[in-house]
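What follows is one structure encoded as structure tokens, with my remarks underneath.
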Amino acid sequence: MMKQLNLNISTSRAFELDTKKEIPGLSFYIPYKYLIYLKNPFIHGTLVIESSLMKRYLYNEEFIFAQDYELFSRFVKNKEVILNIKKPLYILNTKNNISNNFKIEQKEFSDKVKKSLRGF
């Protein structure tokens with residue numbers, strides 16, 4: 001499908017492992033180019049990206065936390081088109097994961113991403 005649409009990046013929704021709830025919920029319907037200023041609108045584990053594009057972007061190793069948010073913010077800043085699939089194609093375990101175990105650190109690095117998006 002990505003080749004047919006000439007796209008290099010896609011993500012999807014997910015099911016939360018414990019609750020089977022679709023995530024993101026209502027925020028999925030807000031265009032990501034607006035939502036990214038408030039939070040990471042994507043689920044990292046669902047990222048599919050053309051390898052040549054990934055080599056161009058790479059992860060920012062200064063971001064110990066929120067690396068995915070920082071990466072996605074650069075995609076958006078550079079106007080890369082991201083196909084965001086409505087159907088959940090991933091199961092996310094939110095129990096005992098990095099986002100829950102390191103909330104303070106995650107917020108600190110997320111705030112850095114939000115700050116970098118100011119004026120953009």
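Lettering and numbering for the structure tokens are positional, with chains as A, B, ... in the shown order, residues counted from 1 in each chain, and ligands counted from 1 in the shown order.
Every protein or nucleic acid residue with an atom no more than 9 Å from Glu105 (chain A), counting only C-alpha atoms and leaving out same-chain residues fewer than 3 positions away, appears here: Ile64, Phe65, Ala66, Ser99, Phe102, Glu108, Phe109 and Ser110 of chain A.
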- Query: Taking the backbone alone, and naming residues the way the document does, which bits of region 39-88 of chain A are strand (DSSP E) by DSSP, as a PyMOL selection string?
  - Reply: chain A and resi 48-49+82-88
Write out as an MDAnalysis selection string all residues of region 19-94 of chain A that backbone DSSP assigns to helix (DSSP H, G or I).
chainID A and resid 26:29 32:35 44:46 51:57 67:77
Selection above as a file: N, CA and C atoms, as a PDB file, in the first residue's frame:
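Once everything was written out, this is part16.pdb:
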```pdb
ATOM      1  N   LEU A  26      -9.764   9.498  20.746  1.00  0.00           N
ATOM      2  CA  LEU A  26     -10.322  10.614  19.966  1.00  0.00           C
ATOM      3  C   LEU A  26      -9.250  11.493  19.331  1.00  0.00           C
ATOM      4  N   SER A  27      -8.095  11.573  19.971  1.00  0.00           N
ATOM      5  CA  SER A  27      -7.039  12.430  19.410  1.00  0.00           C
ATOM      6  C   SER A  27      -6.559  11.944  18.048  1.00  0.00           C
ATOM      7  N   PHE A  28      -6.841  10.688  17.709  1.00  0.00           N
ATOM      8  CA  PHE A  28      -6.478  10.165  16.390  1.00  0.00           C
ATOM      9  C   PHE A  28      -7.091  11.012  15.273  1.00  0.00           C
ATOM     10  N   TYR A  29      -8.245  11.591  15.535  1.00  0.00           N
ATOM     11  CA  TYR A  29      -8.974  12.330  14.513  1.00  0.00           C
ATOM     12  C   TYR A  29      -8.524  13.785  14.367  1.00  0.00           C
ATOM     13  N   TYR A  32      -2.335  15.229  12.726  1.00  0.00           N
ATOM     14  CA  TYR A  32      -1.081  15.132  13.480  1.00  0.00           C
ATOM     15  C   TYR A  32      -0.237  16.390  13.384  1.00  0.00           C
ATOM     16  N   LYS A  33      -0.364  17.148  12.310  1.00  0.00           N
ATOM     17  CA  LYS A  33       0.460  18.352  12.183  1.00  0.00           C
ATOM     18  C   LYS A  33       0.071  19.414  13.219  1.00  0.00           C
ATOM     19  N   TYR A  34      -1.101  19.289  13.830  1.00  0.00           N
ATOM     20  CA  TYR A  34      -1.511  20.171  14.927  1.00  0.00           C
ATOM     21  C   TYR A  34      -1.272  19.503  16.278  1.00  0.00           C
ATOM     22  N   LEU A  35      -1.589  18.240  16.366  1.00  0.00           N
ATOM     23  CA  LEU A  35      -1.502  17.507  17.625  1.00  0.00           C
ATOM     24  C   LEU A  35      -0.070  17.383  18.126  1.00  0.00           C
ATOM     25  N   HIS A  44       5.148   4.546  18.653  1.00  0.00           N
ATOM     26  CA  HIS A  44       6.468   4.244  18.120  1.00  0.00           C
ATOM     27  C   HIS A  44       6.558   2.848  17.505  1.00  0.00           C
ATOM     28  N   GLY A  45       5.996   1.865  18.159  1.00  0.00           N
ATOM     29  CA  GLY A  45       6.095   0.494  17.690  1.00  0.00           C
ATOM     30  C   GLY A  45       5.407   0.234  16.367  1.00  0.00           C
ATOM     31  N   THR A  46       4.581   1.163  15.922  1.00  0.00           N
ATOM     32  CA  THR A  46       3.879   0.985  14.649  1.00  0.00           C
ATOM     33  C   THR A  46       4.613   1.636  13.483  1.00  0.00           C
ATOM     34  N   SER A  51      13.981   2.537   4.574  1.00  0.00           N
ATOM     35  CA  SER A  51      15.307   2.529   5.200  1.00  0.00           C
ATOM     36  C   SER A  51      16.173   3.710   4.767  1.00  0.00           C
ATOM     37  N   SER A  52      16.098   4.113   3.513  1.00  0.00           N
ATOM     38  CA  SER A  52      16.926   5.247   3.064  1.00  0.00           C
ATOM     39  C   SER A  52      16.510   6.538   3.767  1.00  0.00           C
ATOM     40  N   LEU A  53      15.239   6.678   4.053  1.00  0.00           N
ATOM     41  CA  LEU A  53      14.761   7.863   4.773  1.00  0.00           C
ATOM     42  C   LEU A  53      15.218   7.811   6.238  1.00  0.00           C
ATOM     43  N   MET A  54      15.167   6.637   6.823  1.00  0.00           N
ATOM     44  CA  MET A  54      15.607   6.491   8.213  1.00  0.00           C
ATOM     45  C   MET A  54      17.082   6.809   8.346  1.00  0.00           C
ATOM     46  N   LYS A  55      17.870   6.424   7.364  1.00  0.00           N
ATOM     47  CA  LYS A  55      19.300   6.732   7.392  1.00  0.00           C
ATOM     48  C   LYS A  55      19.526   8.240   7.339  1.00  0.00           C
ATOM     49  N   ARG A  56      18.637   8.943   6.682  1.00  0.00           N
ATOM     50  CA  ARG A  56      18.758  10.395   6.589  1.00  0.00           C
ATOM     51  C   ARG A  56      18.388  11.075   7.908  1.00  0.00           C
ATOM     52  N   TYR A  57      17.410  10.521   8.609  1.00  0.00           N
ATOM     53  CA  TYR A  57      16.937  11.155   9.839  1.00  0.00           C
ATOM     54  C   TYR A  57      17.635  10.652  11.102  1.00  0.00           C
ATOM     55  N   GLN A  67      12.675   9.705  22.328  1.00  0.00           N
ATOM     56  CA  GLN A  67      13.382   9.690  21.040  1.00  0.00           C
ATOM     57  C   GLN A  67      12.401   9.632  19.880  1.00  0.00           C
ATOM     58  N   ASP A  68      11.345   8.871  20.031  1.00  0.00           N
ATOM     59  CA  ASP A  68      10.376   8.744  18.948  1.00  0.00           C
ATOM     60  C   ASP A  68       9.658  10.062  18.700  1.00  0.00           C
ATOM     61  N   TYR A  69       9.287  10.760  19.769  1.00  0.00           N
ATOM     62  CA  TYR A  69       8.603  12.051  19.638  1.00  0.00           C
ATOM     63  C   TYR A  69       9.511  13.038  18.912  1.00  0.00           C
ATOM     64  N   GLU A  70      10.777  13.045  19.285  1.00  0.00           N
ATOM     65  CA  GLU A  70      11.725  13.949  18.638  1.00  0.00           C
ATOM     66  C   GLU A  70      11.863  13.606  17.157  1.00  0.00           C
ATOM     67  N   LEU A  71      11.965  12.322  16.840  1.00  0.00           N
ATOM     68  CA  LEU A  71      12.070  11.878  15.449  1.00  0.00           C
ATOM     69  C   LEU A  71      10.825  12.278  14.659  1.00  0.00           C
ATOM     70  N   PHE A  72       9.653  11.981  15.210  1.00  0.00           N
ATOM     71  CA  PHE A  72       8.413  12.336  14.517  1.00  0.00           C
ATOM     72  C   PHE A  72       8.296  13.842  14.329  1.00  0.00           C
ATOM     73  N   SER A  73       8.770  14.615  15.297  1.00  0.00           N
ATOM     74  CA  SER A  73       8.692  16.078  15.154  1.00  0.00           C
ATOM     75  C   SER A  73       9.516  16.552  13.968  1.00  0.00           C
ATOM     76  N   ARG A  74      10.648  15.915  13.723  1.00  0.00           N
ATOM     77  CA  ARG A  74      11.459  16.285  12.549  1.00  0.00           C
ATOM     78  C   ARG A  74      10.783  15.880  11.253  1.00  0.00           C
ATOM     79  N   PHE A  75      10.098  14.740  11.256  1.00  0.00           N
ATOM     80  CA  PHE A  75       9.329  14.367  10.066  1.00  0.00           C
ATOM     81  C   PHE A  75       8.311  15.458   9.741  1.00  0.00           C
ATOM     82  N   VAL A  76       7.601  15.891  10.764  1.00  0.00           N
ATOM     83  CA  VAL A  76       6.549  16.899  10.564  1.00  0.00           C
ATOM     84  C   VAL A  76       7.166  18.231  10.152  1.00  0.00           C
ATOM     85  N   LYS A  77       8.237  18.647  10.825  1.00  0.00           N
ATOM     86  CA  LYS A  77       8.903  19.907  10.477  1.00  0.00           C
ATOM     87  C   LYS A  77       9.343  19.915   9.012  1.00  0.00           C
TER      88      LYS A  77
END
```
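If you measure from each of A:Arg118, A:Lys20, A:Lys107, A:Lys79 to Lys39 (chain A) using only C-alpha atoms, the closest one turns out to be A:Lys107.
In terms of minimum interatomic distance to Ser10 (chain A), A:Leu47 ranks closest within A:Leu47, A:Asn96, A:Ile91, A:Ser116, counting only C-alpha atoms.
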